[in-house]
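query17.pdb (PDB, C-alpha atoms)
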```
ATOM      1  CA  ALA A 718       0.000   0.000   0.000  1.00  0.00           C
ATOM      2  CA  GLN A 719       1.142   3.499  -0.679  1.00  0.00           C
ATOM      3  CA  SER A 720       2.326   5.464   2.301  1.00  0.00           C
ATOM      4  CA  VAL A 721       4.002   8.664   3.371  1.00  0.00           C
ATOM      5  CA  THR A 722       6.418   8.694   6.290  1.00  0.00           C
ATOM      6  CA  GLN A 723       7.483  11.749   8.211  1.00  0.00           C
ATOM      7  CA  LEU A 724      10.435  10.669  10.259  1.00  0.00           C
ATOM      8  CA  ASP A 725      10.279  13.347  12.952  1.00  0.00           C
ATOM      9  CA  SER A 726       7.149  13.985  14.985  1.00  0.00           C
ATOM     10  CA  GLN A 727       8.652  17.097  16.593  1.00  0.00           C
ATOM     11  CA  VAL A 728      11.472  19.416  15.553  1.00  0.00           C
ATOM     12  CA  PRO A 729      12.576  22.157  17.959  1.00  0.00           C
ATOM     13  CA  VAL A 730      14.840  24.823  16.506  1.00  0.00           C
ATOM     14  CA  PHE A 731      16.071  28.283  17.433  1.00  0.00           C
ATOM     15  CA  GLU A 732      15.026  31.342  15.498  1.00  0.00           C
ATOM     16  CA  GLU A 733      17.169  32.116  12.434  1.00  0.00           C
ATOM     17  CA  ALA A 734      18.559  28.574  12.355  1.00  0.00           C
ATOM     18  CA  PRO A 735      18.091  26.354   9.284  1.00  0.00           C
ATOM     19  CA  VAL A 736      15.590  23.527   9.393  1.00  0.00           C
ATOM     20  CA  GLU A 737      14.873  20.362   7.448  1.00  0.00           C
ATOM     21  CA  LEU A 738      11.673  18.371   7.838  1.00  0.00           C
ATOM     22  CA  ARG A 739      11.978  14.885   6.417  1.00  0.00           C
ATOM     23  CA  CYS A 740       9.471  13.045   4.281  1.00  0.00           C
ATOM     24  CA  ASN A 741       9.729   9.704   2.522  1.00  0.00           C
ATOM     25  CA  TYR A 742       7.130   8.184   0.249  1.00  0.00           C
ATOM     26  CA  SER A 743       6.566   4.678  -1.019  1.00  0.00           C
ATOM     27  CA  SER A 744       7.954   4.236  -4.475  1.00  0.00           C
ATOM     28  CA  SER A 745       5.683   4.461  -7.486  1.00  0.00           C
ATOM     29  CA  VAL A 746       5.967   5.032 -11.214  1.00  0.00           C
ATOM     30  CA  SER A 747       3.961   8.192 -10.848  1.00  0.00           C
ATOM     31  CA  VAL A 748       3.629  10.317  -7.733  1.00  0.00           C
ATOM     32  CA  TYR A 749       2.887  13.922  -6.977  1.00  0.00           C
ATOM     33  CA  LEU A 750       4.108  15.363  -3.684  1.00  0.00           C
ATOM     34  CA  PHE A 751       2.934  18.193  -1.485  1.00  0.00           C
ATOM     35  CA  TRP A 752       3.773  19.972   1.727  1.00  0.00           C
ATOM     36  CA  TYR A 753       1.009  21.589   3.745  1.00  0.00           C
ATOM     37  CA  VAL A 754       1.244  23.765   6.852  1.00  0.00           C
ATOM     38  CA  GLN A 755      -1.340  23.910   9.616  1.00  0.00           C
ATOM     39  CA  TYR A 756      -1.132  26.806  12.047  1.00  0.00           C
ATOM     40  CA  PRO A 757      -2.805  26.373  15.445  1.00  0.00           C
ATOM     41  CA  ASN A 758      -6.590  26.169  15.166  1.00  0.00           C
ATOM     42  CA  GLN A 759      -6.517  26.670  11.415  1.00  0.00           C
ATOM     43  CA  GLY A 760      -6.974  24.563   8.290  1.00  0.00           C
ATOM     44  CA  LEU A 761      -4.269  23.364   5.936  1.00  0.00           C
ATOM     45  CA  GLN A 762      -2.431  25.707   3.618  1.00  0.00           C
ATOM     46  CA  LEU A 763      -0.426  24.500   0.630  1.00  0.00           C
ATOM     47  CA  LEU A 764       3.259  25.375   0.955  1.00  0.00           C
ATOM     48  CA  LEU A 765       4.564  23.819  -2.237  1.00  0.00           C
ATOM     49  CA  LYS A 766       4.092  20.939  -4.624  1.00  0.00           C
ATOM     50  CA  TYR A 767       6.047  18.755  -7.001  1.00  0.00           C
ATOM     51  CA  LEU A 768       4.241  17.529 -10.090  1.00  0.00           C
ATOM     52  CA  SER A 769       7.036  17.247 -12.642  1.00  0.00           C
ATOM     53  CA  GLY A 770      10.047  19.119 -13.987  1.00  0.00           C
ATOM     54  CA  SER A 771      12.707  20.632 -11.778  1.00  0.00           C
ATOM     55  CA  THR A 772      13.316  18.567  -8.683  1.00  0.00           C
ATOM     56  CA  LEU A 773      13.879  21.671  -6.544  1.00  0.00           C
ATOM     57  CA  VAL A 774      10.581  23.269  -5.733  1.00  0.00           C
ATOM     58  CA  LYS A 775      10.187  26.661  -4.113  1.00  0.00           C
ATOM     59  CA  GLY A 776       7.113  27.531  -2.113  1.00  0.00           C
ATOM     60  CA  ILE A 777       5.687  30.272   0.016  1.00  0.00           C
ATOM     61  CA  ASN A 778       7.288  31.770   3.122  1.00  0.00           C
ATOM     62  CA  GLY A 779      10.831  30.919   1.956  1.00  0.00           C
ATOM     63  CA  PHE A 780      10.383  27.144   2.056  1.00  0.00           C
ATOM     64  CA  GLU A 781      11.738  24.785  -0.572  1.00  0.00           C
ATOM     65  CA  ALA A 782      11.775  21.034  -1.093  1.00  0.00           C
ATOM     66  CA  GLU A 783      13.743  18.653  -3.245  1.00  0.00           C
ATOM     67  CA  PHE A 784      12.266  15.636  -4.963  1.00  0.00           C
ATOM     68  CA  ASN A 785      14.740  12.767  -4.826  1.00  0.00           C
ATOM     69  CA  LYS A 786      13.512   9.772  -6.759  1.00  0.00           C
ATOM     70  CA  SER A 787      16.373   7.441  -5.857  1.00  0.00           C
ATOM     71  CA  GLN A 788      15.931   8.160  -2.150  1.00  0.00           C
ATOM     72  CA  THR A 789      12.118   8.369  -2.434  1.00  0.00           C
ATOM     73  CA  SER A 790      12.311  11.536  -0.375  1.00  0.00           C
ATOM     74  CA  PHE A 791      10.795  15.000  -0.474  1.00  0.00           C
ATOM     75  CA  HIS A 792      12.409  16.884   2.402  1.00  0.00           C
ATOM     76  CA  LEU A 793      11.305  20.414   3.263  1.00  0.00           C
ATOM     77  CA  ARG A 794      13.926  23.051   4.044  1.00  0.00           C
ATOM     78  CA  LYS A 795      14.195  26.646   5.115  1.00  0.00           C
ATOM     79  CA  PRO A 796      17.569  28.387   5.581  1.00  0.00           C
ATOM     80  CA  SER A 797      16.426  30.647   8.413  1.00  0.00           C
ATOM     81  CA  VAL A 798      13.241  30.133  10.406  1.00  0.00           C
ATOM     82  CA  HIS A 799      11.087  32.675  12.214  1.00  0.00           C
ATOM     83  CA  ILE A 800       8.945  32.371  15.304  1.00  0.00           C
ATOM     84  CA  SER A 801       5.938  32.604  12.995  1.00  0.00           C
ATOM     85  CA  ASP A 802       6.935  29.334  11.306  1.00  0.00           C
ATOM     86  CA  THR A 803       5.848  27.444  14.414  1.00  0.00           C
ATOM     87  CA  ALA A 804       3.175  25.092  13.093  1.00  0.00           C
ATOM     88  CA  GLU A 805       2.516  21.529  12.061  1.00  0.00           C
ATOM     89  CA  TYR A 806       3.756  20.462   8.654  1.00  0.00           C
ATOM     90  CA  PHE A 807       2.241  17.632   6.648  1.00  0.00           C
ATOM     91  CA  CYS A 808       3.765  15.845   3.689  1.00  0.00           C
ATOM     92  CA  ALA A 809       1.228  14.335   1.272  1.00  0.00           C
ATOM     93  CA  ALA A 810       1.263  12.294  -1.914  1.00  0.00           C
ATOM     94  CA  PHE A 811      -1.047  11.532  -4.764  1.00  0.00           C
ATOM     95  CA  TYR A 812      -0.472   8.186  -6.424  1.00  0.00           C
ATOM     96  CA  GLY A 813      -2.996   8.339  -9.200  1.00  0.00           C
ATOM     97  CA  GLY A 814      -6.458   6.991  -9.734  1.00  0.00           C
ATOM     98  CA  SER A 815      -9.662   8.704 -10.520  1.00  0.00           C
ATOM     99  CA  GLN A 816     -10.525   9.968  -7.073  1.00  0.00           C
ATOM    100  CA  GLY A 817      -7.641  12.321  -6.512  1.00  0.00           C
ATOM    101  CA  ASN A 818      -7.417  11.867  -2.776  1.00  0.00           C
ATOM    102  CA  LEU A 819      -4.172  12.545  -0.974  1.00  0.00           C
ATOM    103  CA  ILE A 820      -2.270  10.279   1.408  1.00  0.00           C
ATOM    104  CA  PHE A 821      -0.836  12.205   4.339  1.00  0.00           C
ATOM    105  CA  GLY A 822       2.105  11.636   6.630  1.00  0.00           C
ATOM    106  CA  LYS A 823       1.588  11.911  10.368  1.00  0.00           C
ATOM    107  CA  GLY A 824       2.898  15.445  10.533  1.00  0.00           C
ATOM    108  CA  THR A 825       5.899  17.194  12.079  1.00  0.00           C
ATOM    109  CA  LYS A 826       5.467  19.849  14.737  1.00  0.00           C
ATOM    110  CA  LEU A 827       8.004  22.597  14.188  1.00  0.00           C
ATOM    111  CA  SER A 828       8.669  24.699  17.280  1.00  0.00           C
ATOM    112  CA  VAL A 829      10.777  27.798  16.738  1.00  0.00           C
ATOM    113  CA  LYS A 830      12.251  29.249  19.923  1.00  0.00           C
ATOM    114  CA  PRO A 831      13.708  32.721  20.430  1.00  0.00           C
TER     115      PRO A 831
ATOM    116  CA  SER B 821      -7.482  29.041  -6.055  1.00  0.00           C
ATOM    117  CA  ALA B 822     -10.616  28.128  -4.122  1.00  0.00           C
ATOM    118  CA  VAL B 823     -11.790  29.467  -0.805  1.00  0.00           C
ATOM    119  CA  ILE B 824     -13.582  26.959   1.382  1.00  0.00           C
ATOM    120  CA  SER B 825     -15.732  27.752   4.386  1.00  0.00           C
ATOM    121  CA  GLN B 826     -17.134  25.363   6.951  1.00  0.00           C
ATOM    122  CA  LYS B 827     -19.910  25.649   9.496  1.00  0.00           C
ATOM    123  CA  PRO B 828     -19.827  25.288  12.428  1.00  0.00           C
ATOM    124  CA  SER B 829     -16.212  26.017  13.273  1.00  0.00           C
ATOM    125  CA  ARG B 830     -16.540  24.077  16.486  1.00  0.00           C
ATOM    126  CA  ASP B 831     -19.199  22.336  18.557  1.00  0.00           C
ATOM    127  CA  ILE B 832     -19.602  20.395  21.749  1.00  0.00           C
ATOM    128  CA  CYS B 833     -22.183  17.644  21.489  1.00  0.00           C
ATOM    129  CA  GLN B 834     -23.726  15.021  23.691  1.00  0.00           C
ATOM    130  CA  ARG B 835     -23.257  11.322  23.141  1.00  0.00           C
ATOM    131  CA  GLY B 836     -25.911   9.782  20.895  1.00  0.00           C
ATOM    132  CA  THR B 837     -26.750  12.964  18.998  1.00  0.00           C
ATOM    133  CA  SER B 838     -25.868  13.891  15.408  1.00  0.00           C
ATOM    134  CA  LEU B 839     -24.128  16.918  13.919  1.00  0.00           C
ATOM    135  CA  THR B 840     -24.198  18.114  10.327  1.00  0.00           C
ATOM    136  CA  ILE B 841     -21.188  20.037   9.026  1.00  0.00           C
ATOM    137  CA  GLN B 842     -21.544  22.260   6.004  1.00  0.00           C
ATOM    138  CA  CYS B 843     -18.861  22.982   3.420  1.00  0.00           C
ATOM    139  CA  GLN B 844     -19.127  25.768   0.866  1.00  0.00           C
ATOM    140  CA  VAL B 845     -16.654  26.401  -1.966  1.00  0.00           C
ATOM    141  CA  ASP B 846     -16.511  29.760  -3.703  1.00  0.00           C
ATOM    142  CA  SER B 847     -16.188  28.185  -7.167  1.00  0.00           C
ATOM    143  CA  GLN B 848     -17.369  25.076  -8.946  1.00  0.00           C
ATOM    144  CA  VAL B 849     -15.067  22.137  -8.324  1.00  0.00           C
ATOM    145  CA  THR B 850     -15.055  18.616  -9.610  1.00  0.00           C
ATOM    146  CA  MET B 851     -13.877  16.810  -6.507  1.00  0.00           C
ATOM    147  CA  MET B 852     -14.795  17.347  -2.870  1.00  0.00           C
ATOM    148  CA  PHE B 853     -13.511  15.284   0.023  1.00  0.00           C
ATOM    149  CA  TRP B 854     -14.066  14.892   3.749  1.00  0.00           C
ATOM    150  CA  TYR B 855     -11.158  14.141   6.074  1.00  0.00           C
ATOM    151  CA  ARG B 856     -10.907  13.415   9.783  1.00  0.00           C
ATOM    152  CA  GLN B 857      -7.988  14.536  11.917  1.00  0.00           C
ATOM    153  CA  GLN B 858      -8.027  12.871  15.309  1.00  0.00           C
ATOM    154  CA  PRO B 859      -6.104  14.489  18.172  1.00  0.00           C
ATOM    155  CA  GLY B 860      -2.383  14.340  17.486  1.00  0.00           C
ATOM    156  CA  GLN B 861      -2.904  12.370  14.297  1.00  0.00           C
ATOM    157  CA  SER B 862      -2.688  12.964  10.584  1.00  0.00           C
ATOM    158  CA  LEU B 863      -5.556  13.365   8.182  1.00  0.00           C
ATOM    159  CA  THR B 864      -7.581  10.324   7.188  1.00  0.00           C
ATOM    160  CA  LEU B 865      -9.892  10.400   4.208  1.00  0.00           C
ATOM    161  CA  ILE B 866     -13.488   9.577   5.132  1.00  0.00           C
ATOM    162  CA  ALA B 867     -15.079   9.773   1.717  1.00  0.00           C
ATOM    163  CA  THR B 868     -15.257  11.469  -1.642  1.00  0.00           C
ATOM    164  CA  ALA B 869     -18.420  13.508  -2.039  1.00  0.00           C
ATOM    165  CA  ASN B 870     -19.895  12.884  -5.475  1.00  0.00           C
ATOM    166  CA  GLN B 871     -22.263  15.385  -6.994  1.00  0.00           C
ATOM    167  CA  GLY B 872     -25.694  13.894  -7.548  1.00  0.00           C
ATOM    168  CA  SER B 873     -24.805  10.395  -6.377  1.00  0.00           C
ATOM    169  CA  GLU B 874     -23.773   8.478  -3.285  1.00  0.00           C
ATOM    170  CA  ALA B 875     -20.431   9.278  -1.723  1.00  0.00           C
ATOM    171  CA  THR B 876     -17.500   6.890  -2.065  1.00  0.00           C
ATOM    172  CA  TYR B 877     -16.354   5.771   1.383  1.00  0.00           C
ATOM    173  CA  GLU B 878     -12.920   4.646   2.441  1.00  0.00           C
ATOM    174  CA  SER B 879     -12.332   1.451   4.344  1.00  0.00           C
ATOM    175  CA  GLY B 880     -13.522   1.774   7.918  1.00  0.00           C
ATOM    176  CA  PHE B 881     -16.136   4.437   7.199  1.00  0.00           C
ATOM    177  CA  VAL B 882     -19.786   3.712   6.443  1.00  0.00           C
ATOM    178  CA  ILE B 883     -22.693   5.717   5.148  1.00  0.00           C
ATOM    179  CA  ASP B 884     -24.883   5.053   8.181  1.00  0.00           C
ATOM    180  CA  LYS B 885     -22.342   6.684  10.454  1.00  0.00           C
ATOM    181  CA  PHE B 886     -21.167   9.460   8.111  1.00  0.00           C
ATOM    182  CA  PRO B 887     -23.919  10.297   5.608  1.00  0.00           C
ATOM    183  CA  ILE B 888     -22.741  12.812   3.012  1.00  0.00           C
ATOM    184  CA  SER B 889     -24.674  14.950   0.597  1.00  0.00           C
ATOM    185  CA  ARG B 890     -23.483  16.959  -2.382  1.00  0.00           C
ATOM    186  CA  PRO B 891     -26.425  18.587  -4.123  1.00  0.00           C
ATOM    187  CA  ASN B 892     -24.288  20.761  -6.423  1.00  0.00           C
ATOM    188  CA  LEU B 893     -20.688  21.537  -7.403  1.00  0.00           C
ATOM    189  CA  THR B 894     -20.049  24.037  -4.612  1.00  0.00           C
ATOM    190  CA  PHE B 895     -21.697  22.574  -1.506  1.00  0.00           C
ATOM    191  CA  SER B 896     -21.488  19.427   0.598  1.00  0.00           C
ATOM    192  CA  THR B 897     -22.513  18.267   4.049  1.00  0.00           C
ATOM    193  CA  LEU B 898     -21.132  15.609   6.352  1.00  0.00           C
ATOM    194  CA  THR B 899     -23.231  14.267   9.216  1.00  0.00           C
ATOM    195  CA  VAL B 900     -21.627  12.537  12.163  1.00  0.00           C
ATOM    196  CA  SER B 901     -24.375  10.277  13.469  1.00  0.00           C
ATOM    197  CA  ASN B 902     -25.008   8.740  16.870  1.00  0.00           C
ATOM    198  CA  MET B 903     -21.861  10.343  18.211  1.00  0.00           C
ATOM    199  CA  SER B 904     -19.558   8.883  20.831  1.00  0.00           C
ATOM    200  CA  PRO B 905     -16.482  10.423  22.479  1.00  0.00           C
ATOM    201  CA  GLU B 906     -14.330   8.567  19.930  1.00  0.00           C
ATOM    202  CA  ASP B 907     -15.777  10.836  17.239  1.00  0.00           C
ATOM    203  CA  SER B 908     -14.085  13.853  18.822  1.00  0.00           C
ATOM    204  CA  SER B 909     -11.907  15.131  15.990  1.00  0.00           C
ATOM    205  CA  ILE B 910     -11.369  17.903  13.524  1.00  0.00           C
ATOM    206  CA  TYR B 911     -13.356  17.330  10.347  1.00  0.00           C
ATOM    207  CA  LEU B 912     -11.992  18.995   7.224  1.00  0.00           C
ATOM    208  CA  CYS B 913     -13.565  19.542   3.864  1.00  0.00           C
ATOM    209  CA  SER B 914     -11.315  19.804   0.832  1.00  0.00           C
ATOM    210  CA  ALA B 915     -11.855  20.482  -2.841  1.00  0.00           C
ATOM    211  CA  GLY B 916      -9.844  20.298  -6.010  1.00  0.00           C
ATOM    212  CA  LEU B 917      -7.963  17.896  -8.151  1.00  0.00           C
ATOM    213  CA  TYR B 918      -4.806  15.886  -7.632  1.00  0.00           C
ATOM    214  CA  ASN B 919      -2.552  18.750  -8.617  1.00  0.00           C
ATOM    215  CA  GLU B 920      -3.956  21.148  -6.066  1.00  0.00           C
ATOM    216  CA  GLN B 921      -6.347  20.619  -3.205  1.00  0.00           C
ATOM    217  CA  PHE B 922      -7.668  23.341  -0.967  1.00  0.00           C
ATOM    218  CA  PHE B 923      -8.812  22.805   2.571  1.00  0.00           C
ATOM    219  CA  GLY B 924     -11.425  24.413   4.717  1.00  0.00           C
ATOM    220  CA  PRO B 925     -10.592  25.670   8.216  1.00  0.00           C
ATOM    221  CA  GLY B 926     -12.053  22.549   9.807  1.00  0.00           C
ATOM    222  CA  THR B 927     -14.786  21.819  12.320  1.00  0.00           C
ATOM    223  CA  ARG B 928     -13.528  20.975  15.776  1.00  0.00           C
ATOM    224  CA  LEU B 929     -15.972  18.492  17.339  1.00  0.00           C
ATOM    225  CA  THR B 930     -15.969  17.466  20.977  1.00  0.00           C
ATOM    226  CA  VAL B 931     -18.333  14.715  22.090  1.00  0.00           C
ATOM    227  CA  LEU B 932     -19.079  14.417  25.793  1.00  0.00           C
TER     228      LEU B 932
END
```

Is it possible to give me this structure as structure tokens?
Amino acid sequence: AQSVTQLDSQVPVFEEAPVELRCNYSSSVSVYLFWYVQYPNQGLQLLLKYLSGSTLVKGINGFEAEFNKSQTSFHLRKPSVHISDTAEYFCAAFYGGSQGNLIFGKGTKLSVKP
Amino acid sequence: SAVISQKPSRDICQRGTSLTIQCQVDSQVTMMFWYRQQPGQSLTLIATANQGSEATYESGFVIDKFPISRPNLTFSTLTVSNMSPEDSSIYLCSAGLYNEQFFGPGTRLTVL
């Protein structure tokens, strides 16, 4: 069965430090990958997505992710985090089929400390 | 992009009662979905809401417990029936296709 694995449930980091949130997906011929952010008591907001083309994808709020087919990974990075980046981050994948539903990882809570 | 609203934003309900959650999209969309996010967990797809026909449920979810309606391309409802404390979750509506899905703000449900 297809799956998405987020290796870290919590990532604490100091403000202005770099951060990487890890995501691995089960291998497939065709997969589309997404990162969503959920701020406290809010819905999900799309950060970035990989559909095809360049493996380095840039998103909103200074985040980027790199699609690595050989490693089946799609790690999210930011070179310098802010307090306002404190949120939960979800990696998701679409493996095809007519329904279009996404498979989500369990999420990573990013805590940015001053 | 699509803007999705949900009503209510939160509710506290008694065991054995039912709650209907509404989802409104500001544009016509082909696909609409309902997800559940249990405390500290990821999102789990409940069903795909099909316009004009019965919803398509994922394994572990049944129509009697989670009846869904979708009368047109911009509106859907999810009912949580005969609630128990285990139904306490955030319920999220989403819309869109595989290449971009938009999510509503969620309905935070607490069952006592």

| request: Within 12 Å of (-7.0, 9.0, -0.6) (coordinates as in the file), grab all the protein and nucleic acid residues, counting all atoms listed in the file, and write them out as a PyMOL selection string. | output: (chain A and resi 718-721+809-822) or (chain B and resi 851-856+863-868+876-879+914+917-918+921)

| Interatomic distance between atom CA of Gln788 of chain A and atom CA of Arg739 of chain A? |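 Between atom CA of Gln788 of chain A and atom CA of Arg739 of chain A the gap is 11.6 Å.
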
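Our summary of the geometry notes that atom CA of Val728 of chain A is positioned 20.9 Å from atom CA of Phe784 of chain A.
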
| field | Resolved residues for the PyMOL selection byres ((chain A and resi 801) around 12) as a list in words | value | Phe731, Glu732, Glu733, Val754, Gln755, Tyr756, Pro757, Asn778, Ser797, Val798, His799, Ile800, Asp802, Thr803, Ala804, Glu805, Leu827, Ser828, Val829, Lys830 and Pro831 of chain A

| task | For Thr894 of chain B, list every protein, DNA or RNA residue within 6 Å, evaluated using all atoms listed in the file, and leave out those in the same chain fewer than 4 positions away; present the list as a list of chain:residue names. | result |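 Listing them by chain and then by number gives B:Gln844, B:Val845, B:Gln848.
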
| task | Just give me the gap between atom CA of Leu793 of chain A and atom CA of Gly760 of chain A in Å, one decimal is fine. | result | 19.4 Å

| message | From the options B:Val823, B:Thr840, B:Arg928, B:Arg830, which residue's atoms come nearest to Ser901 of chain B, counting all atoms listed in the file? | response |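 Checking each candidate against Ser901 of chain B, we get B:Thr840 as the closest.
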
| Just so the selection is clear, what residues does the PyMOL selection byres ((chain B and resi 870) around 9) cover here, as a ChimeraX atom specification? | /B:850-853,868-869,871-876,888-891,893

Fewer than 5 positions away in the same chain doesn't count, so skip those; otherwise give me all residues within 12 Å of Leu738 of chain A, counting all atoms listed in the file, as a PDB file with C-alpha atoms, keeping the file's coordinate frame.
```
ATOM      1  CA  THR A 722       6.418   8.694   6.290  1.00  0.00           C
ATOM      2  CA  GLN A 723       7.483  11.749   8.211  1.00  0.00           C
ATOM      3  CA  LEU A 724      10.435  10.669  10.259  1.00  0.00           C
ATOM      4  CA  ASP A 725      10.279  13.347  12.952  1.00  0.00           C
ATOM      5  CA  SER A 726       7.149  13.985  14.985  1.00  0.00           C
ATOM      6  CA  GLN A 727       8.652  17.097  16.593  1.00  0.00           C
ATOM      7  CA  VAL A 728      11.472  19.416  15.553  1.00  0.00           C
ATOM      8  CA  PRO A 729      12.576  22.157  17.959  1.00  0.00           C
ATOM      9  CA  VAL A 730      14.840  24.823  16.506  1.00  0.00           C
ATOM     10  CA  TRP A 752       3.773  19.972   1.727  1.00  0.00           C
ATOM     11  CA  TYR A 753       1.009  21.589   3.745  1.00  0.00           C
ATOM     12  CA  VAL A 754       1.244  23.765   6.852  1.00  0.00           C
ATOM     13  CA  PHE A 780      10.383  27.144   2.056  1.00  0.00           C
ATOM     14  CA  GLU A 781      11.738  24.785  -0.572  1.00  0.00           C
ATOM     15  CA  ALA A 782      11.775  21.034  -1.093  1.00  0.00           C
ATOM     16  CA  GLU A 783      13.743  18.653  -3.245  1.00  0.00           C
ATOM     17  CA  SER A 790      12.311  11.536  -0.375  1.00  0.00           C
ATOM     18  CA  PHE A 791      10.795  15.000  -0.474  1.00  0.00           C
ATOM     19  CA  HIS A 792      12.409  16.884   2.402  1.00  0.00           C
ATOM     20  CA  LEU A 793      11.305  20.414   3.263  1.00  0.00           C
ATOM     21  CA  ARG A 794      13.926  23.051   4.044  1.00  0.00           C
ATOM     22  CA  LYS A 795      14.195  26.646   5.115  1.00  0.00           C
ATOM     23  CA  PRO A 796      17.569  28.387   5.581  1.00  0.00           C
ATOM     24  CA  GLU A 805       2.516  21.529  12.061  1.00  0.00           C
ATOM     25  CA  TYR A 806       3.756  20.462   8.654  1.00  0.00           C
ATOM     26  CA  PHE A 807       2.241  17.632   6.648  1.00  0.00           C
ATOM     27  CA  CYS A 808       3.765  15.845   3.689  1.00  0.00           C
ATOM     28  CA  GLY A 822       2.105  11.636   6.630  1.00  0.00           C
ATOM     29  CA  GLY A 824       2.898  15.445  10.533  1.00  0.00           C
ATOM     30  CA  THR A 825       5.899  17.194  12.079  1.00  0.00           C
ATOM     31  CA  LYS A 826       5.467  19.849  14.737  1.00  0.00           C
ATOM     32  CA  LEU A 827       8.004  22.597  14.188  1.00  0.00           C
ATOM     33  CA  SER A 828       8.669  24.699  17.280  1.00  0.00           C
TER      34      SER A 828
END
```

| Counting all atoms listed in the file, the residue of B:Met903, B:Gly836, B:Gln857, B:Ser847 that sits nearest chain A |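 Nearest candidate to chain A out of B:Met903, B:Gly836, B:Gln857, B:Ser847: B:Gln857.
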
| query | Quick one: of B:Leu929, B:Leu912, B:Leu839, B:Val900, who's nearest to chain A, counting only C-alpha atoms? | reply |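 Among B:Leu929, B:Leu912, B:Leu839, B:Val900, it is B:Leu912 that comes nearest to chain A.
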
Where's the centre, and what are the edge lengths in Å to one decimal, of a box along x, y and z enclosing all listed atoms of segment 830-849 of chain B padded 3 Å per side, as JSON?
```
{"center_x": -20.9, "center_y": 19.8, "center_z": 7.4, "size_x": 17.7, "size_y": 26.0, "size_z": 38.6}
```

| task | Rank A:Leu763, A:Val746, A:Pro735, A:Asn741 by their smallest atom-to-atom distance to chain B, using all atoms listed in the file, and report the top residue only. | result |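 Smallest separation from chain B among the options: A:Leu763.
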
Quick one: which residues end up in the PyMOL selection byres ((chain B and resi 907) around 10) for this structure, as a JSON list (two decimals) with C-alpha atoms, in the frame of the given file?
```
[["chain", "number", "residue", "atom", "x", "y", "z"],
["B", 835, "ARG", "CA", -23.26, 11.32, 23.14],
["B", 856, "ARG", "CA", -10.91, 13.42, 9.78],
["B", 858, "GLN", "CA", -8.03, 12.87, 15.31],
["B", 900, "VAL", "CA", -21.63, 12.54, 12.16],
["B", 901, "SER", "CA", -24.38, 10.28, 13.47],
["B", 902, "ASN", "CA", -25.01, 8.74, 16.87],
["B", 903, "MET", "CA", -21.86, 10.34, 18.21],
["B", 904, "SER", "CA", -19.56, 8.88, 20.83],
["B", 905, "PRO", "CA", -16.48, 10.42, 22.48],
["B", 906, "GLU", "CA", -14.33, 8.57, 19.93],
["B", 908, "SER", "CA", -14.08, 13.85, 18.82],
["B", 909, "SER", "CA", -11.91, 15.13, 15.99],
["B", 910, "ILE", "CA", -11.37, 17.90, 13.52],
["B", 911, "TYR", "CA", -13.36, 17.33, 10.35],
["B", 929, "LEU", "CA", -15.97, 18.49, 17.34],
["B", 930, "THR", "CA", -15.97, 17.47, 20.98],
["B", 931, "VAL", "CA", -18.33, 14.72, 22.09],
["B", 932, "LEU", "CA", -19.08, 14.42, 25.79]]
```

Complete segment 918-928 of chain B at the level of N, CA and C atoms, written as a PDB file, keeping the file's coordinate frame.
```
ATOM      1  N   TYR B 918      -6.041  16.449  -8.169  1.00  0.00           N
ATOM      2  CA  TYR B 918      -4.806  15.886  -7.632  1.00  0.00           C
ATOM      3  C   TYR B 918      -3.674  16.903  -7.592  1.00  0.00           C
ATOM      4  N   ASN B 919      -3.691  17.843  -8.544  1.00  0.00           N
ATOM      5  CA  ASN B 919      -2.552  18.750  -8.617  1.00  0.00           C
ATOM      6  C   ASN B 919      -2.661  19.921  -7.654  1.00  0.00           C
ATOM      7  N   GLU B 920      -3.799  20.108  -7.082  1.00  0.00           N
ATOM      8  CA  GLU B 920      -3.956  21.148  -6.066  1.00  0.00           C
ATOM      9  C   GLU B 920      -5.264  20.963  -5.319  1.00  0.00           C
ATOM     10  N   GLN B 921      -5.156  20.724  -4.042  1.00  0.00           N
ATOM     11  CA  GLN B 921      -6.347  20.619  -3.205  1.00  0.00           C
ATOM     12  C   GLN B 921      -6.333  21.732  -2.175  1.00  0.00           C
ATOM     13  N   PHE B 922      -7.498  22.278  -1.945  1.00  0.00           N
ATOM     14  CA  PHE B 922      -7.668  23.341  -0.967  1.00  0.00           C
ATOM     15  C   PHE B 922      -8.483  22.809   0.196  1.00  0.00           C
ATOM     16  N   PHE B 923      -8.160  23.303   1.373  1.00  0.00           N
ATOM     17  CA  PHE B 923      -8.812  22.805   2.571  1.00  0.00           C
ATOM     18  C   PHE B 923      -9.584  23.908   3.276  1.00  0.00           C
ATOM     19  N   GLY B 924     -10.692  23.504   3.863  1.00  0.00           N
ATOM     20  CA  GLY B 924     -11.425  24.413   4.717  1.00  0.00           C
ATOM     21  C   GLY B 924     -10.733  24.535   6.065  1.00  0.00           C
ATOM     22  N   PRO B 925     -11.222  25.433   6.916  1.00  0.00           N
ATOM     23  CA  PRO B 925     -10.592  25.670   8.216  1.00  0.00           C
ATOM     24  C   PRO B 925     -10.848  24.553   9.221  1.00  0.00           C
ATOM     25  N   GLY B 926     -11.782  23.661   8.898  1.00  0.00           N
ATOM     26  CA  GLY B 926     -12.053  22.549   9.807  1.00  0.00           C
ATOM     27  C   GLY B 926     -13.164  22.832  10.786  1.00  0.00           C
ATOM     28  N   THR B 927     -13.774  21.763  11.257  1.00  0.00           N
ATOM     29  CA  THR B 927     -14.786  21.819  12.320  1.00  0.00           C
ATOM     30  C   THR B 927     -14.258  20.996  13.480  1.00  0.00           C
ATOM     31  N   ARG B 928     -14.069  21.658  14.596  1.00  0.00           N
ATOM     32  CA  ARG B 928     -13.528  20.975  15.776  1.00  0.00           C
ATOM     33  C   ARG B 928     -14.703  20.444  16.599  1.00  0.00           C
TER      34      ARG B 928
END
```
